[in-house]
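Next comes work-v9.txt, a file with compact mmCIF, C-alpha atoms.
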# COMPACT_ATOMS: atom_id res chain seq x y z
CA MET A 20 -73.75 26.69 -11.78
CA GLY A 21 -76.32 29.49 -11.90
CA GLY A 22 -79.19 30.24 -14.19
CA PRO A 23 -78.73 32.34 -17.30
CA ALA A 24 -78.75 36.12 -17.02
CA SER A 25 -82.25 37.33 -17.82
CA VAL A 26 -84.54 40.35 -17.60
CA THR A 27 -87.57 38.17 -17.01
CA VAL A 28 -89.74 38.94 -14.02
CA LYS A 29 -91.04 35.42 -13.62
CA PRO A 30 -91.02 34.50 -9.92
CA TYR A 31 -89.29 31.40 -8.60
CA ILE A 32 -90.66 28.14 -7.32
CA VAL A 33 -87.78 26.82 -5.24
CA VAL A 34 -87.23 23.15 -4.40
CA VAL A 35 -84.66 22.45 -1.69
CA GLY A 36 -83.13 18.98 -1.84
CA GLY A 37 -81.95 16.97 -4.85
CA SER A 38 -83.12 13.58 -3.61
CA PHE A 39 -85.28 11.23 -5.69
CA VAL A 40 -88.32 13.10 -4.39
CA GLY A 41 -86.90 16.60 -4.83
CA VAL A 42 -85.83 15.92 -8.41
CA ARG A 43 -89.20 14.32 -9.23
CA THR A 44 -91.03 17.36 -7.82
CA ALA A 45 -88.90 19.83 -9.78
CA GLN A 46 -89.40 17.83 -12.97
CA LEU A 47 -93.18 17.99 -12.51
CA LEU A 48 -93.18 21.69 -11.65
CA ALA A 49 -91.15 22.77 -14.69
CA PRO A 50 -93.59 21.75 -17.46
CA ALA A 51 -96.62 22.67 -15.33
CA PHE A 52 -95.59 26.27 -14.58
CA HIS A 53 -92.83 27.22 -17.03
CA LYS A 54 -94.98 29.91 -18.64
CA THR A 55 -95.38 31.82 -15.38
CA HIS A 56 -92.52 30.70 -13.12
CA ARG A 57 -88.92 29.55 -13.04
CA ILE A 58 -88.04 26.36 -11.20
CA LEU A 59 -84.86 26.35 -9.14
CA LEU A 60 -83.57 23.17 -7.49
CA ILE A 61 -81.11 23.86 -4.68
CA GLU A 62 -78.85 20.96 -3.68
CA LYS A 63 -75.64 20.93 -1.63
CA ASN A 64 -74.04 18.13 -3.67
CA SER A 65 -72.73 18.50 -7.21
CA HIS A 66 -74.02 15.04 -8.17
CA PHE A 67 -77.25 13.14 -7.75
CA GLN A 68 -76.45 10.26 -5.42
CA HIS A 69 -78.09 6.97 -6.35
CA ILE A 70 -78.41 5.86 -2.73
CA PHE A 71 -80.12 2.57 -3.58
CA ALA A 72 -76.82 1.43 -5.09
CA PHE A 73 -74.66 2.41 -2.12
CA PRO A 74 -75.20 -0.74 0.00
CA ARG A 75 -74.27 -2.95 -2.98
CA PHE A 76 -71.41 -0.72 -4.13
CA SER A 77 -69.98 -0.67 -0.61
CA VAL A 78 -69.42 -4.45 -0.52
CA THR A 79 -68.50 -5.45 -4.09
CA LYS A 80 -64.83 -4.54 -4.47
CA GLY A 81 -63.07 -7.28 -6.39
CA SER A 82 -66.16 -9.46 -6.81
CA ALA A 83 -66.01 -10.23 -10.52
CA ASP A 84 -68.25 -13.24 -10.25
CA PRO A 85 -68.64 -15.05 -13.61
CA ARG A 86 -72.26 -15.88 -12.81
CA TRP A 87 -73.22 -12.29 -13.58
CA GLU A 88 -72.23 -11.22 -17.06
CA PRO A 89 -70.89 -7.67 -17.28
CA THR A 90 -72.89 -5.26 -19.39
CA SER A 91 -71.24 -2.49 -21.39
CA GLY A 92 -70.75 0.59 -19.24
CA ASN A 93 -71.46 -1.23 -15.98
CA LYS A 94 -68.00 -2.56 -15.14
CA ASP A 95 -64.52 -1.41 -15.96
CA GLY A 96 -61.89 -3.61 -17.57
CA SER A 97 -60.94 -5.28 -14.28
CA GLY A 98 -64.46 -6.57 -13.70
CA ILE A 99 -65.13 -4.28 -10.73
CA ILE A 100 -68.31 -2.20 -10.70
CA ASP A 101 -67.63 1.34 -11.86
CA LYS A 102 -68.59 3.06 -8.61
CA ARG A 103 -68.34 6.49 -10.20
CA LYS A 104 -71.70 5.85 -11.78
CA ALA A 105 -73.44 6.09 -8.42
CA PHE A 106 -72.77 9.83 -8.73
CA ILE A 107 -74.70 11.41 -11.60
CA PRO A 108 -74.23 15.12 -12.41
CA PHE A 109 -77.38 17.19 -11.92
CA ASN A 110 -76.63 19.41 -14.89
CA PRO A 111 -77.61 19.22 -17.67
CA GLY A 112 -79.69 16.07 -17.27
CA THR A 113 -82.20 16.96 -14.56
CA PHE A 114 -84.42 19.11 -16.77
CA LYS A 115 -83.51 17.52 -20.12
CA ASP A 116 -87.11 16.42 -20.75
CA CYS A 117 -88.67 19.71 -19.59
CA PRO A 118 -89.32 22.88 -21.64
CA GLU A 119 -86.05 24.61 -22.43
CA GLY A 120 -84.99 27.10 -19.79
CA SER A 121 -87.79 26.10 -17.41
CA GLY A 122 -85.53 24.94 -14.61
CA TRP A 123 -81.98 24.49 -13.46
CA VAL A 124 -79.97 23.26 -10.50
CA VAL A 125 -77.63 25.27 -8.29
CA GLN A 126 -75.15 23.79 -5.85
CA ALA A 127 -75.58 25.34 -2.41
CA LYS A 128 -76.90 24.50 1.04
CA ALA A 129 -80.04 26.20 2.33
CA THR A 130 -79.38 27.52 5.83
CA ASP A 131 -82.69 29.23 6.68
CA PHE A 132 -85.62 31.02 5.08
CA THR A 133 -88.03 33.90 5.59
CA ARG A 134 -91.53 34.20 4.21
CA ASN A 135 -90.22 34.94 0.74
CA LYS A 136 -86.48 34.22 0.59
CA VAL A 137 -84.16 31.25 1.04
CA LYS A 138 -80.76 31.96 2.54
CA LEU A 139 -77.79 29.97 1.16
CA ASP A 140 -74.35 29.12 2.55
CA ARG A 141 -72.65 30.63 -0.51
CA LYS A 142 -73.26 33.11 -3.28
CA ILE A 143 -74.63 31.86 -6.58
CA GLU A 144 -75.15 33.58 -9.89
CA LEU A 145 -78.80 34.46 -10.26
CA ASP A 146 -80.14 36.69 -13.02
CA GLY A 147 -76.71 38.12 -13.70
CA ILE A 148 -75.77 38.94 -10.11
CA PHE A 149 -74.12 37.01 -7.29
CA THR A 150 -76.29 36.57 -4.23
CA ASP A 151 -76.80 34.26 -1.27
CA GLU A 152 -80.56 34.87 -1.13
CA VAL A 153 -83.14 33.42 -3.48
CA PRO A 154 -86.62 34.99 -3.62
CA PHE A 155 -89.54 32.61 -4.05
CA GLU A 156 -93.29 32.56 -4.45
CA PHE A 157 -93.46 28.91 -3.43
CA LEU A 158 -90.99 26.80 -1.47
CA VAL A 159 -90.89 23.00 -1.54
CA ILE A 160 -88.72 21.22 1.03
CA ALA A 161 -87.50 17.75 0.05
CA THR A 162 -84.27 17.45 2.00
CA GLY A 163 -84.81 13.81 3.01
CA ALA A 164 -83.13 12.10 5.95
CA ARG A 165 -79.66 10.91 6.82
CA TYR A 166 -79.30 7.18 7.36
CA THR A 167 -76.42 5.27 8.87
CA PRO A 168 -73.62 4.81 6.31
CA PRO A 169 -73.43 3.25 3.82
CA SER A 170 -77.17 3.91 3.30
CA THR A 171 -76.14 7.52 2.94
CA LEU A 172 -72.54 8.67 2.84
CA PRO A 173 -70.80 10.36 5.79
CA THR A 174 -68.96 12.62 3.35
CA GLU A 175 -69.78 15.41 0.93
CA GLY A 176 -68.75 15.39 -2.70
CA LYS A 177 -68.11 12.69 -5.27
CA ASP A 178 -64.40 12.15 -4.58
CA ALA A 179 -64.84 11.73 -0.83
CA GLY A 180 -67.86 9.51 -1.43
CA LEU A 181 -65.90 7.23 -3.74
CA GLU A 182 -63.07 7.00 -1.23
CA TYR A 183 -65.55 5.98 1.47
CA LEU A 184 -67.09 3.27 -0.74
CA PHE A 185 -63.70 1.82 -1.68
CA ASN A 186 -62.54 1.80 1.95
CA HIS A 187 -65.75 0.10 3.05
CA CYS A 188 -65.35 -2.52 0.32
CA SER A 189 -61.82 -3.20 1.50
CA SER A 190 -63.02 -3.72 5.08
CA VAL A 191 -65.68 -6.20 3.92
CA GLU A 192 -63.20 -8.05 1.73
CA LYS A 193 -60.71 -8.50 4.60
CA ALA A 194 -63.23 -9.43 7.30
CA ASN A 195 -64.18 -12.98 8.25
CA LYS A 196 -66.89 -12.51 10.90
CA ILE A 197 -69.28 -9.75 9.88
CA VAL A 198 -72.16 -8.59 12.09
CA ILE A 199 -74.80 -6.35 10.54
CA ILE A 200 -76.93 -4.46 13.04
CA GLY A 201 -80.45 -3.59 11.96
CA GLY A 202 -82.99 -5.69 10.08
CA GLY A 203 -84.31 -3.01 7.79
CA ALA A 204 -84.02 -3.00 4.00
CA VAL A 205 -80.33 -2.03 4.01
CA GLY A 206 -79.37 -4.61 6.62
CA VAL A 207 -81.18 -7.32 4.68
CA GLN A 208 -79.61 -6.29 1.38
CA MET A 209 -76.08 -6.05 2.74
CA SER A 210 -76.23 -9.37 4.56
CA THR A 211 -77.58 -11.24 1.52
CA ASP A 212 -75.17 -9.50 -0.85
CA ILE A 213 -72.12 -10.21 1.29
CA LYS A 214 -73.03 -13.84 1.91
CA GLU A 215 -73.71 -14.44 -1.78
CA LEU A 216 -70.52 -12.75 -2.94
CA TYR A 217 -68.38 -14.21 -0.13
CA PRO A 218 -69.96 -17.55 0.85
CA HIS A 219 -67.04 -18.44 3.14
CA LYS A 220 -67.59 -15.44 5.42
CA ASP A 221 -69.55 -15.75 8.66
CA VAL A 222 -72.41 -13.24 8.35
CA THR A 223 -74.84 -12.45 11.18
CA LEU A 224 -77.84 -10.12 10.99
CA VAL A 225 -78.98 -8.76 14.37
CA HIS A 226 -82.37 -7.09 14.82
CA SER A 227 -83.90 -5.70 18.00
CA ARG A 228 -87.38 -7.01 17.14
CA THR A 229 -88.45 -10.60 16.69
CA GLN A 230 -89.72 -9.72 13.22
CA ILE A 231 -87.41 -8.46 10.48
CA MET A 232 -88.78 -5.48 8.54
CA ASN A 233 -91.29 -5.10 11.36
CA ASN A 234 -93.23 -2.30 9.63
CA PHE A 235 -94.40 -4.87 7.12
CA HIS A 236 -96.68 -7.90 7.20
CA GLN A 237 -95.25 -11.06 8.78
CA ASP A 238 -95.10 -12.71 5.35
CA LEU A 239 -92.14 -10.52 4.37
CA HIS A 240 -90.26 -11.65 7.46
CA ASN A 241 -90.92 -15.24 6.48
CA VAL A 242 -89.48 -14.69 2.99
CA ILE A 243 -86.34 -13.04 4.39
CA ALA A 244 -85.85 -15.73 7.02
CA GLU A 245 -86.07 -18.45 4.38
CA ARG A 246 -83.58 -16.63 2.16
CA ALA A 247 -81.20 -16.22 5.10
CA LYS A 248 -81.44 -19.95 5.80
CA THR A 249 -80.67 -20.76 2.17
CA LEU A 250 -77.58 -18.54 2.13
CA GLY A 251 -76.38 -19.52 5.60
CA ILE A 252 -76.89 -16.13 7.28
CA ASN A 253 -77.19 -16.25 11.07
CA LEU A 254 -80.29 -14.40 12.31
CA VAL A 255 -80.20 -13.05 15.86
CA LEU A 256 -83.59 -11.52 16.66
CA GLY A 257 -85.04 -9.79 19.70
CA HIS A 258 -81.69 -8.44 20.92
CA ARG A 259 -80.74 -4.76 21.04
CA VAL A 260 -77.08 -4.01 20.40
CA ILE A 261 -75.08 -1.62 22.55
CA ILE A 262 -73.39 0.65 20.01
CA PRO A 263 -70.23 2.24 21.50
CA GLN A 264 -70.20 6.02 21.43
CA GLU A 265 -66.84 5.93 19.66
CA GLY A 266 -68.08 3.28 17.24
CA PHE A 267 -66.87 -0.28 16.73
CA PRO A 268 -63.10 -0.84 16.25
CA ASN A 269 -63.40 -2.29 12.71
CA ASP A 270 -59.61 -2.36 12.48
CA GLY A 271 -59.35 -6.04 11.62
CA SER A 272 -59.11 -7.23 15.22
CA VAL A 273 -61.75 -9.48 16.78
CA PHE A 274 -64.10 -7.81 19.27
CA ASN A 275 -67.47 -8.58 20.84
CA VAL A 276 -70.73 -6.98 19.76
CA LYS A 277 -72.60 -6.73 23.05
CA PHE A 278 -76.34 -6.89 23.64
CA LEU A 279 -78.35 -4.86 26.11
CA ASP A 280 -79.57 -8.08 27.76
CA GLY A 281 -76.01 -9.26 28.43
CA GLY A 282 -75.31 -11.51 25.44
CA GLU A 283 -72.58 -10.93 22.89
CA ILE A 284 -71.25 -12.18 19.57
CA PRO A 285 -67.69 -12.00 18.17
CA ALA A 286 -66.94 -9.98 15.05
CA ASP A 287 -64.06 -8.41 13.16
CA LEU A 288 -66.40 -6.03 11.29
CA ALA A 289 -69.67 -4.54 12.54
CA ILE A 290 -71.89 -2.58 10.15
CA VAL A 291 -74.65 -0.45 11.67
CA SER A 292 -77.77 0.00 9.56
CA THR A 293 -80.28 1.52 11.96
CA GLY A 294 -82.06 4.81 12.40
CA GLN A 295 -82.63 7.97 10.41
CA THR A 296 -82.20 11.68 11.12
CA PRO A 297 -84.41 14.11 9.18
CA ASN A 298 -82.53 16.86 7.35
CA SER A 299 -84.74 19.57 8.80
CA GLN A 300 -82.19 21.79 10.52
CA PHE A 301 -82.83 24.85 8.38
CA VAL A 302 -86.57 24.55 8.97
CA ALA A 303 -86.05 24.23 12.73
CA GLN A 304 -84.00 27.42 12.51
CA SER A 305 -86.59 29.35 10.50
CA ALA A 306 -89.96 27.92 11.55
CA PRO A 307 -89.46 25.87 14.73
CA SER A 308 -93.18 25.30 15.23
CA CYS A 309 -93.15 23.24 12.03
CA VAL A 310 -90.71 20.61 13.35
CA ASP A 311 -91.73 17.86 15.76
CA ALA A 312 -89.69 16.39 18.61
CA ARG A 313 -88.20 13.73 16.31
CA GLY A 314 -87.05 16.33 13.78
CA PHE A 315 -89.67 15.66 11.11
CA ILE A 316 -91.48 18.56 9.45
CA LYS A 317 -95.13 18.75 10.48
CA VAL A 318 -97.45 19.06 7.49
CA LYS A 319 -101.16 19.26 6.76
CA PRO A 320 -102.82 16.61 4.56
CA THR A 321 -102.23 19.06 1.68
CA LEU A 322 -98.47 18.81 2.47
CA GLN A 323 -98.33 22.49 3.40
CA VAL A 324 -96.34 23.09 6.58
CA VAL A 325 -98.53 23.60 9.63
CA ASP A 326 -97.67 27.26 10.19
CA PRO A 327 -100.73 29.23 8.94
CA ALA A 328 -98.44 32.10 7.97
CA LEU A 329 -96.67 29.84 5.43
CA PRO A 330 -99.40 28.46 3.15
CA HIS A 331 -96.96 28.65 0.20
CA VAL A 332 -94.37 26.36 1.85
CA PHE A 333 -94.62 22.60 1.33
CA ALA A 334 -92.66 19.60 2.62
CA LEU A 335 -92.64 16.02 1.37
CA GLY A 336 -90.60 12.84 1.31
CA ASP A 337 -88.59 11.39 4.18
CA VAL A 338 -88.14 14.73 5.94
CA ALA A 339 -91.90 15.24 6.36
CA ASP A 340 -94.31 13.62 8.80
CA THR A 341 -96.84 12.62 6.16
CA GLY A 342 -97.97 9.39 7.80
CA ALA A 343 -96.45 7.41 4.93
CA HIS A 344 -93.76 4.75 4.98
CA LYS A 345 -90.32 6.33 4.53
CA ALA A 346 -89.36 5.37 0.98
CA ALA A 347 -89.03 6.89 -2.48
CA ARG A 348 -92.36 5.55 -3.77
CA PRO A 349 -94.64 7.50 -1.35
CA GLY A 350 -92.65 10.66 -2.08
CA TRP A 351 -93.25 10.08 -5.78
CA PHE A 352 -97.01 10.38 -5.21
CA GLN A 353 -96.62 13.23 -2.75
CA ALA A 354 -94.98 15.27 -5.51
CA ASP A 355 -98.22 15.06 -7.51
CA THR A 356 -100.12 16.42 -4.50
CA VAL A 357 -97.75 19.36 -4.11
CA VAL A 358 -97.96 20.32 -7.79
CA ALA A 359 -101.77 20.14 -7.75
CA ASN A 360 -101.99 22.31 -4.66
CA ILE A 361 -99.59 24.94 -6.00
CA ALA A 362 -101.82 25.12 -9.07
CA SER A 363 -104.85 25.67 -6.82
CA LEU A 364 -103.12 28.47 -4.92
CA LEU A 365 -102.07 30.16 -8.16
CA ASN A 366 -105.72 30.05 -9.24
CA LYS A 367 -106.61 31.88 -6.01
CA GLU A 368 -108.19 28.75 -4.59
CA SER A 369 -107.44 26.90 -1.39
CA ALA A 370 -105.11 23.92 -1.56
CA ALA A 371 -107.62 21.13 -1.96
CA ARG A 372 -105.86 17.85 -2.71
CA ALA A 373 -105.09 15.77 0.38
CA TYR A 374 -102.35 13.18 0.31
CA VAL A 375 -103.62 9.83 1.53
CA PRO A 376 -100.82 7.40 2.47
CA GLU A 377 -100.97 4.13 0.58
CA PRO A 378 -100.11 0.76 2.17
CA ALA A 379 -96.38 0.41 2.71
CA GLY A 380 -94.59 -1.30 -0.14
CA ILE A 381 -91.01 -2.11 -1.06
CA HIS A 382 -88.81 -3.53 -3.80
CA LEU A 383 -86.40 -5.47 -1.61
CA SER A 384 -83.11 -6.97 -2.73
CA LEU A 385 -82.32 -10.42 -1.33
CA GLY A 386 -78.97 -10.84 -3.04
CA ILE A 387 -77.59 -10.24 -6.51
CA ASN A 388 -80.38 -11.85 -8.54
CA GLU A 389 -83.12 -12.41 -5.97
CA ASN A 390 -85.59 -9.69 -5.04
CA VAL A 391 -89.23 -9.30 -4.07
CA LEU A 392 -91.98 -6.78 -4.62
CA PHE A 393 -94.05 -6.57 -1.45
CA THR A 394 -97.05 -4.44 -0.46
CA ASN A 395 -98.83 -4.54 2.86
CA PRO A 396 -102.54 -5.38 2.74
CA ALA A 397 -104.91 -2.43 2.76
CA ASP A 398 -106.69 -3.95 5.79
CA LYS A 399 -106.20 -6.90 8.12
CA GLU A 400 -108.72 -9.02 6.25
CA LYS A 401 -106.66 -9.07 3.06
CA GLU A 402 -103.41 -10.71 2.05
CA PRO A 403 -100.24 -8.78 1.15
CA VAL A 404 -98.99 -8.59 -2.42
CA LEU A 405 -95.83 -10.66 -2.86
CA VAL A 406 -93.99 -11.11 -6.15
CA HIS A 407 -90.71 -13.04 -6.31
CA GLN A 408 -88.27 -11.92 -9.00
CA HIS A 409 -84.97 -13.31 -10.26
CA ASN A 410 -83.90 -10.42 -12.45
CA GLY A 411 -81.30 -8.56 -10.41
CA ARG A 412 -77.93 -7.43 -11.67
CA LEU A 413 -74.64 -6.86 -9.91
CA ASP A 414 -74.50 -3.17 -10.88
CA CYS A 415 -78.07 -2.42 -9.69
CA PHE A 416 -78.92 -1.39 -13.27
CA ILE A 417 -76.89 1.79 -12.82
CA GLY A 418 -76.46 2.16 -16.59
CA ASP A 419 -80.23 2.50 -16.98
CA VAL A 420 -80.28 5.13 -14.25
CA TRP A 421 -77.68 7.11 -16.18
CA LYS A 422 -79.80 6.96 -19.32
CA ARG A 423 -82.73 8.46 -17.40
CA ARG A 424 -80.84 11.10 -15.45
CA ALA A 425 -77.83 12.17 -17.52
CA VAL A 426 -77.13 13.57 -20.95
CA GLY A 427 -74.66 11.37 -22.78
CA LYS A 428 -73.62 7.83 -21.83
CA ASP A 429 -70.59 8.77 -19.74
CA TYR A 430 -71.16 12.48 -19.21
CA ARG A 431 -68.63 13.78 -16.68
CA LEU A 432 -67.81 10.44 -15.15

Give the structure from this file in structure tokens form.
Amino acid sequence: MGGPASVTVKPYIVVVGGSFVGVRTAQLLAPAFHKTHRILLIEKNSHFQHIFAFPRFSVTKGSADPRWEPTSGNKDGSGIIDKRKAFIPFNPGTFKDCPEGSGWVVQAKATDFTRNKVKLDRKIELDGIFTDEVPFEFLVIATGARYTPPSTLPTEGKDAGLEYLFNHCSSVEKANKIVIIGGGAVGVQMSTDIKELYPHKDVTLVHSRTQIMNNFHQDLHNVIAERAKTLGINLVLGHRVIIPQEGFPNDGSVFNVKFLDGGEIPADLAIVSTGQTPNSQFVAQSAPSCVDARGFIKVKPTLQVVDPALPHVFALGDVADTGAHKAARPGWFQADTVVANIASLLNKESAARAYVPEPAGIHLSLGINENVLFTNPADKEKEPVLVHQHNGRLDCFIGDVWKRRAVGKDYRL
């Protein structure tokens, strides 16, 4: 869907990537600069993907547990979560709270860029013509990172994504001995969700470190370990799993998950939840000096890319090496920094605001109802912030997300 035909000469501020961070940035840019610029959000998917719901939605097929009352719009008549709601159309909701006509979303994939144009993998309608190049005065890169499914989906498009989620649910439902590899947030959520929804299943969480969520203070590990004990989850720590190049069988047969140190554990389903790959390919193609050996985009404290010839190009969120914990919350604050620095450049000033990473924090699910808010201490002399909550919901509050991001209760389900 392209923007409306227009004779305006307003230049574009282009945001590439419709993640939480990319959408947030575009929504800040539109009211700030709508009088002088047009905001264009370029995203390869037709729908905003609520990735925080994917781990839950990938294990809940058929789990109509009477302990969690269904809420209107959250479950269909059979009591199964309406997984379609994890896919929210970008248009017309993304800019619904912004000045009319200040921004819109186009579906395309950015393949490379020059100093003043973004190249796309397809032609879009732009100002009454069809083109695969978008001119820009400022470019903001928020393409995020790919995580191991089901953290992010291995497919493109809503229909293929739904098929993946349903198939994954079916595998979980049929399995008896489930091994989850990786003690990050997704591994913790999936293990606690599965064990709570299917108490009879044997669930093991394997982590290569002796501390779960090892980027956080030890206190968070202690909370998770206690929750695992309560639910009956087996914790295997300090062992690195050998992941077969062809993947685990996961065909219903029993196999052994092998450790690098020679140990092993039987399973009939192994779920990998480790690692991340930055979506920086088109930057590596266009400005290779701006991408580090791990694939993250190198940025200045102002979140401008490091190439001095590209002071009008910014990167933020999971794809950027900002020094911050990889999560939506830091990217939320980084968006403010980008908007402030674009304003400075438009005023013929140097970009002045530096992004300072805050202590790592997380809202971590520990099952359907249980969750914690946790923030690392600012220095070693202080204690972390830990708040226990018992306010979760089976559908991950997806109905509320729709209210914020879509126009109409069930728009284009």

Enumerate, as a list in words, the protein, DNA and RNA residues whose atoms approach (-86.3, 14.6, -5.1) to within 10 Å, taking into account all atoms listed in the file and the coordinate frame of the file.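 Counting all atoms listed in the file, I find these residues within 10 Å of (-86.3, 14.6, -5.1): Val34, Val35, Gly36, Gly37, Ser38, Phe39, Val40, Gly41, Val42, Arg43, Thr44, Ala45, Gln46, Leu60, Glu62, Phe67, Ile160, Ala161, Thr162, Gly163, Leu335, Gly336, Ala347, Gly350, Trp351 and Ala354 of chain A.
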
Using all atoms listed in the file, which protein or nucleic acid residues come within 9 Å of stretch 193-208 of chain A? Drop anything in the same chain fewer than 6 positions from it, and give the result as a ChimeraX atom specification. /A:71,74-75,169-170,219-228,230-233,243,247,256,259-260,269,271,273,276,284-294,381,383-386

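When only C-alpha atoms are used to measure the gap to A:Val28, the shortest distance among A:Phe155, A:Asp140, A:Cys309, A:Thr211 belongs to A:Phe155.
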
I want to know what sits within 8 Å of A:Lys29, based on only C-alpha atoms, with residues of the same chain fewer than 2 positions away left out; could you give that as a list in words? Thr27, Tyr31, Thr55, His56 and Arg57 of chain A

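Our summary of the geometry notes that atom CA of A:Pro307 is positioned 26.5 Å from atom CA of A:Leu365.
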
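Going from atom CA of A:Thr167 over to atom CA of A:Gln295, you cover 6.9 Å.
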
Atom CA of A:Val358 and atom CA of A:His331, how far apart in Å?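 Result for atom CA of A:His331 versus atom CA of A:Val358: 11.6 Å, one decimal.
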
Which one is closest to A:Gln300: A:Lys277, A:Lys115, A:Lys104, A:Arg165? Count all atoms listed in the file.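 Going through A:Lys277, A:Lys115, A:Lys104, A:Arg165 one by one, the smallest distance to A:Gln300 is for A:Arg165.
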
For A:Cys117, which residue among A:Leu47, A:Ala362, A:Ala306, A:Val191 is the nearest when counting only C-alpha atoms? A:Leu47

When you look at A:Val78 with a cut-off of 9 Å (counting all atoms listed in the file), what residues show up, excluding the ones that are within fewer than 3 positions of it in the same chain? I need them as a ChimeraX atom specification. /A:73-75,82,184-185,187-192,209,212-213,216

Quick one: everything within 9 Å of A:Ala343, counting only C-alpha atoms, minus sequence neighbours fewer than 4 positions away in the same chain. Send it as a list in words.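 These residues fall inside the cut-off: Gly336, Asp337, Pro349, Gly350, Val375, Pro376, Glu377, Pro378 and Ala379 of chain A.
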
Near-A:Ala328 list (12 Å; only C-alpha atoms; drop same-chain fewer than 3 positions) as a list of chain:residue names: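 After dropping sequence-adjacent residues, the list is A:Thr133, A:Arg134, A:Asn135, A:Ala306, A:Ser308, A:Cys309, A:Gln323, A:Val324, A:Val325, A:His331, A:Val332.
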
Can I get the selected residues back with C-alpha atoms, as a CSV table (one decimal), keeping the file's coordinate frame?
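Wrote result_31.csv, looks like this:
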chain,number,residue,atom,x,y,z
A,133,THR,CA,-88.0,33.9,5.6
A,134,ARG,CA,-91.5,34.2,4.2
A,135,ASN,CA,-90.2,34.9,0.7
A,306,ALA,CA,-90.0,27.9,11.6
A,308,SER,CA,-93.2,25.3,15.2
A,309,CYS,CA,-93.2,23.2,12.0
A,323,GLN,CA,-98.3,22.5,3.4
A,324,VAL,CA,-96.3,23.1,6.6
A,325,VAL,CA,-98.5,23.6,9.6
A,331,HIS,CA,-97.0,28.6,0.2
A,332,VAL,CA,-94.4,26.4,1.8

Distance cut-off 12 Å, centre (-78.0, 29.7, -6.1) in file coordinates, counting only C-alpha atoms: which residues qualify? Return them as a short mmCIF file (atom, residue, chain, number, x, y, z; two decimals) with C-alpha atoms, in the frame of the given file.
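Resulting contents of selection-v3.cif:
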data_model
loop_
_atom_site.label_atom_id
_atom_site.label_comp_id
_atom_site.auth_asym_id
_atom_site.auth_seq_id
_atom_site.Cartn_x
_atom_site.Cartn_y
_atom_site.Cartn_z
CA MET A 20 -73.75 26.69 -11.78
CA GLY A 21 -76.32 29.49 -11.90
CA GLY A 22 -79.19 30.24 -14.19
CA PRO A 23 -78.73 32.34 -17.30
CA TYR A 31 -89.29 31.40 -8.60
CA VAL A 33 -87.78 26.82 -5.24
CA VAL A 34 -87.23 23.15 -4.40
CA VAL A 35 -84.66 22.45 -1.69
CA ILE A 58 -88.04 26.36 -11.20
CA LEU A 59 -84.86 26.35 -9.14
CA LEU A 60 -83.57 23.17 -7.49
CA ILE A 61 -81.11 23.86 -4.68
CA GLU A 62 -78.85 20.96 -3.68
CA LYS A 63 -75.64 20.93 -1.63
CA TRP A 123 -81.98 24.49 -13.46
CA VAL A 124 -79.97 23.26 -10.50
CA VAL A 125 -77.63 25.27 -8.29
CA GLN A 126 -75.15 23.79 -5.85
CA ALA A 127 -75.58 25.34 -2.41
CA LYS A 128 -76.90 24.50 1.04
CA ALA A 129 -80.04 26.20 2.33
CA LYS A 136 -86.48 34.22 0.59
CA VAL A 137 -84.16 31.25 1.04
CA LYS A 138 -80.76 31.96 2.54
CA LEU A 139 -77.79 29.97 1.16
CA ASP A 140 -74.35 29.12 2.55
CA ARG A 141 -72.65 30.63 -0.51
CA LYS A 142 -73.26 33.11 -3.28
CA ILE A 143 -74.63 31.86 -6.58
CA GLU A 144 -75.15 33.58 -9.89
CA LEU A 145 -78.80 34.46 -10.26
CA ASP A 146 -80.14 36.69 -13.02
CA GLY A 147 -76.71 38.12 -13.70
CA ILE A 148 -75.77 38.94 -10.11
CA PHE A 149 -74.12 37.01 -7.29
CA THR A 150 -76.29 36.57 -4.23
CA ASP A 151 -76.80 34.26 -1.27
CA GLU A 152 -80.56 34.87 -1.13
CA VAL A 153 -83.14 33.42 -3.48
CA PRO A 154 -86.62 34.99 -3.62
#

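Using only C-alpha atoms, the shortest contact distance between A:Ile361 and any of A:Ser121, A:Leu322, A:Thr130, A:Asp270 is found at A:Leu322.
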
Would you mind completing stretch 68-73 of chain A to N, CA and C atoms and writing the output as an mmCIF file, keeping the file's coordinate frame?
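For reference, part_19.cif as written:
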data_model
loop_
_atom_site.group_PDB
_atom_site.id
_atom_site.type_symbol
_atom_site.label_atom_id
_atom_site.label_comp_id
_atom_site.auth_asym_id
_atom_site.auth_seq_id
_atom_site.Cartn_x
_atom_site.Cartn_y
_atom_site.Cartn_z
ATOM 1 N N GLN A 68 -77.002 11.469 -6.011
ATOM 2 C CA GLN A 68 -76.450 10.260 -5.420
ATOM 3 C C GLN A 68 -77.498 9.150 -5.459
ATOM 4 N N HIS A 69 -77.167 8.095 -6.191
ATOM 5 C CA HIS A 69 -78.090 6.970 -6.350
ATOM 6 C C HIS A 69 -77.953 6.077 -5.115
ATOM 7 N N ILE A 70 -78.631 6.488 -4.030
ATOM 8 C CA ILE A 70 -78.410 5.860 -2.730
ATOM 9 C C ILE A 70 -78.812 4.390 -2.702
ATOM 10 N N PHE A 71 -79.722 3.968 -3.588
ATOM 11 C CA PHE A 71 -80.120 2.570 -3.580
ATOM 12 C C PHE A 71 -78.980 1.653 -4.008
ATOM 13 N N ALA A 72 -77.984 2.224 -4.671
ATOM 14 C CA ALA A 72 -76.820 1.430 -5.090
ATOM 15 C C ALA A 72 -75.729 1.394 -4.030
ATOM 16 N N PHE A 73 -75.763 2.313 -3.073
ATOM 17 C CA PHE A 73 -74.660 2.410 -2.120
ATOM 18 C C PHE A 73 -74.433 1.129 -1.304
#
